[in-house]
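Undergrad: I'm passing along target-v7.pdb; it holds PDB, C-alpha atoms.
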ATOM      1  CA  MET S   1     -11.375   1.823  -1.818
ATOM      2  CA  ASP S   2     -11.577  -0.271   1.306
ATOM      3  CA  GLU S   3      -9.699  -3.556   0.809
ATOM      4  CA  PRO S   4     -11.209  -4.246  -2.634
ATOM      5  CA  LEU S   5      -9.011  -7.292  -3.311
ATOM      6  CA  SER S   6      -9.255  -9.037   0.047
ATOM      7  CA  ASN S   7     -11.595 -11.818  -1.114
ATOM      8  CA  LEU S   8      -9.821 -12.659  -4.384
ATOM      9  CA  ASP S   9      -7.462 -15.566  -5.003
ATOM     10  CA  ALA S  10      -3.756 -14.784  -5.522
ATOM     11  CA  LYS S  11      -3.774 -14.820  -9.341
ATOM     12  CA  LEU S  12      -6.865 -12.650  -9.707
ATOM     13  CA  ARG S  13      -5.556 -10.360  -6.976
ATOM     14  CA  ALA S  14      -2.311  -9.740  -8.896
ATOM     15  CA  GLN S  15      -4.185  -9.091 -12.152
ATOM     16  CA  THR S  16      -6.637  -6.729 -10.502
ATOM     17  CA  ARG S  17      -3.823  -4.873  -8.718
ATOM     18  CA  THR S  18      -2.278  -4.187 -12.144
ATOM     19  CA  GLU S  19      -5.608  -2.967 -13.515
ATOM     20  CA  ILE S  20      -6.130  -0.611 -10.560
ATOM     21  CA  VAL S  21      -2.664   0.895 -11.113
ATOM     22  CA  LYS S  22      -3.477   1.418 -14.819
ATOM     23  CA  LEU S  23      -6.823   2.993 -13.898
ATOM     24  CA  HIS S  24      -5.115   5.334 -11.459
ATOM     25  CA  GLN S  25      -2.655   6.446 -14.141
ATOM     26  CA  ARG S  26      -5.464   6.945 -16.664
ATOM     27  CA  VAL S  27      -7.757   9.043 -14.460
ATOM     28  CA  ALA S  28      -4.856  10.966 -12.892
ATOM     29  CA  THR S  29      -6.643  11.686  -9.637
ATOM     30  CA  THR S  30      -6.086  10.979  -5.975
ATOM     31  CA  MET S  31      -7.176   7.553  -4.755
ATOM     32  CA  ILE S  32      -7.269   6.326  -1.196
ATOM     33  CA  TYR S  33      -6.711   2.600  -1.013
ATOM     34  CA  VAL S  34      -7.081   0.793   2.310
ATOM     35  CA  THR S  35      -5.194  -2.464   2.683
ATOM     36  CA  HIS S  36      -3.618  -4.724   5.267
ATOM     37  CA  ASP S  37      -1.538  -6.377   2.540
ATOM     38  CA  GLN S  38       2.114  -5.292   2.542
ATOM     39  CA  ILE S  39       2.632  -6.125  -1.138
ATOM     40  CA  GLU S  40      -0.329  -3.995  -2.181
ATOM     41  CA  ALA S  41       0.839  -1.101  -0.038
ATOM     42  CA  MET S  42       4.426  -1.222  -1.244
ATOM     43  CA  THR S  43       3.719  -1.755  -4.951
ATOM     44  CA  MET S  44       0.651   0.399  -5.484
ATOM     45  CA  GLY S  45       1.159   3.381  -3.229
ATOM     46  CA  HIS S  46       2.869   6.657  -3.990
ATOM     47  CA  ARG S  47       2.477   7.482  -0.320
ATOM     48  CA  ILE S  48       1.710   5.190   2.562
ATOM     49  CA  VAL S  49      -0.166   6.370   5.616
ATOM     50  CA  GLY S  50       0.714   4.093   8.504
ATOM     51  CA  MET S  51      -1.979   4.069  11.163
ATOM     52  CA  ASN S  52      -2.351   2.484  14.562
ATOM     53  CA  GLY S  53      -5.422   4.257  15.890
ATOM     54  CA  VAL S  54      -3.849   7.538  14.736
ATOM     55  CA  VAL S  55      -1.599   8.476  11.828
ATOM     56  CA  GLN S  56       1.915   7.250  12.609
ATOM     57  CA  GLN S  57       3.741   8.131   9.378
ATOM     58  CA  VAL S  58       3.034   9.508   5.910
ATOM     59  CA  ALA S  59       5.782   8.844   3.373
ATOM     60  CA  PRO S  60       6.665   7.142   0.109
ATOM     61  CA  PRO S  61       6.891   3.342   0.439
ATOM     62  CA  GLN S  62      10.697   3.192   0.319
ATOM     63  CA  GLN S  63      11.002   5.804   3.075
ATOM     64  CA  VAL S  64       8.575   3.907   5.300
ATOM     65  CA  TYR S  65      10.672   0.793   4.717
ATOM     66  CA  ASP S  66      14.074   2.476   5.213
ATOM     67  CA  ARG S  67      13.200   4.949   7.961
ATOM     68  CA  PRO S  68      10.086   3.942   9.898
ATOM     69  CA  ARG S  69       9.025   6.483  12.497
ATOM     70  CA  THR S  70       7.389   3.995  14.849
ATOM     71  CA  SER S  71       7.763   0.337  15.726
ATOM     72  CA  SER S  72       4.417  -0.446  14.095
ATOM     73  CA  SER S  73       5.657   0.547  10.609
ATOM     74  CA  PRO S  74       8.283  -2.189  10.228
ATOM     75  CA  ALA S  75       5.906  -4.661  11.840
ATOM     76  CA  PHE S  76       3.514  -4.004   8.956
ATOM     77  CA  ILE S  77       6.000  -3.630   6.103
ATOM     78  CA  GLY S  78       8.213  -6.526   7.164
ATOM     79  CA  SER S  79      10.935  -7.241   9.639
ATOM     80  CA  ARG S  80      13.558  -4.699   8.623
ATOM     81  CA  ARG S  81      14.940  -3.696  12.030
TER      82      ARG S  81
END
Rewrite the structure from the file as structure tokens, please.
TA:
Amino acid sequence: MDEPLSNLDAKLRAQTRTEIVKLHQRVATTMIYVTHDQIEAMTMGHRIVGMNGVVQQVAPPQQVYDRPRTSSSPAFIGSRR
């Protein structure tokens, strides 16, 4: 899915995010979800692939937050360091 929620208002976005998570659990298959939204990435992903032209880091959300491998990871996730 390539930024499926980008054009929704905040309330509908939150509701749809919940529905996508439920769908993912129900179908029990791999999904690739592209987003530039930090909340979506951190709350929906089991693994985050940080990219800046090339793959920078592949890790669970908490690991990306706690131990970013590049300076672009915390810039995306939030100002941690």
Undergrad: Give me, as number ranges by chain, all polymer residues having an atom no more than 10 Å from Val64 of chain S, counting all atoms listed in the file and skipping those fewer than 6 positions away in the same chain.
TA: S: 42, 47-50, 57-58, 70, 73-74, 77
Undergrad: Using all atoms listed in the file, find the one residue out of S:Phe76, S:Arg67, S:Leu8, S:Thr18 that sits nearest to Ala41 of chain S.
TA: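 Among the listed residues, the smallest separation from Ala41 of chain S belongs to S:Phe76.
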Undergrad: Can you report as lines of an AutoDock Vina configuration file the centre and edge lengths in Å, to one decimal, of an axis-aligned box around the listed atoms of segment 53-71 of chain S padded with 3 Å on each side?
TA:
center_x = 4.3
center_y = 4.9
center_z = 8.0
size_x = 25.5
size_y = 15.2
size_z = 21.8
Undergrad: For atom CA of Pro4 of chain S and atom CA of Ile32 of chain S, determine how far apart the two atoms are, in Å to one decimal place.
TA: 11.4 Å
Undergrad: Pull out every residue that the PyMOL selection byres ((chain S and resi 17) around 12) matches in the shown coordinates and put them as a ChimeraX atom specification.
TA: /S:3-6,8-16,18-24,33,35,37,39-45
Undergrad: For a test of reading the model, state the distance in Å between atom CA of Thr29 of chain S and atom CA of Asn7 of chain S, rounded to one decimal.
TA: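 Atom-to-atom, atom CA of Thr29 of chain S and atom CA of Asn7 of chain S are spaced 25.5 Å apart.
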Undergrad: Pick the closest to Asp2 of chain S from S:Gly53, S:Val34, S:Gln25, S:Arg69: which is it, counting all atoms listed in the file?
TA: S:Val34
Undergrad: Please compute the atom CA of Ser72 of chain S-atom CA of His36 of chain S distance, one decimal, in Å.
TA: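 Interatomic distance, atom CA of Ser72 of chain S to atom CA of His36 of chain S: 12.7 Å.
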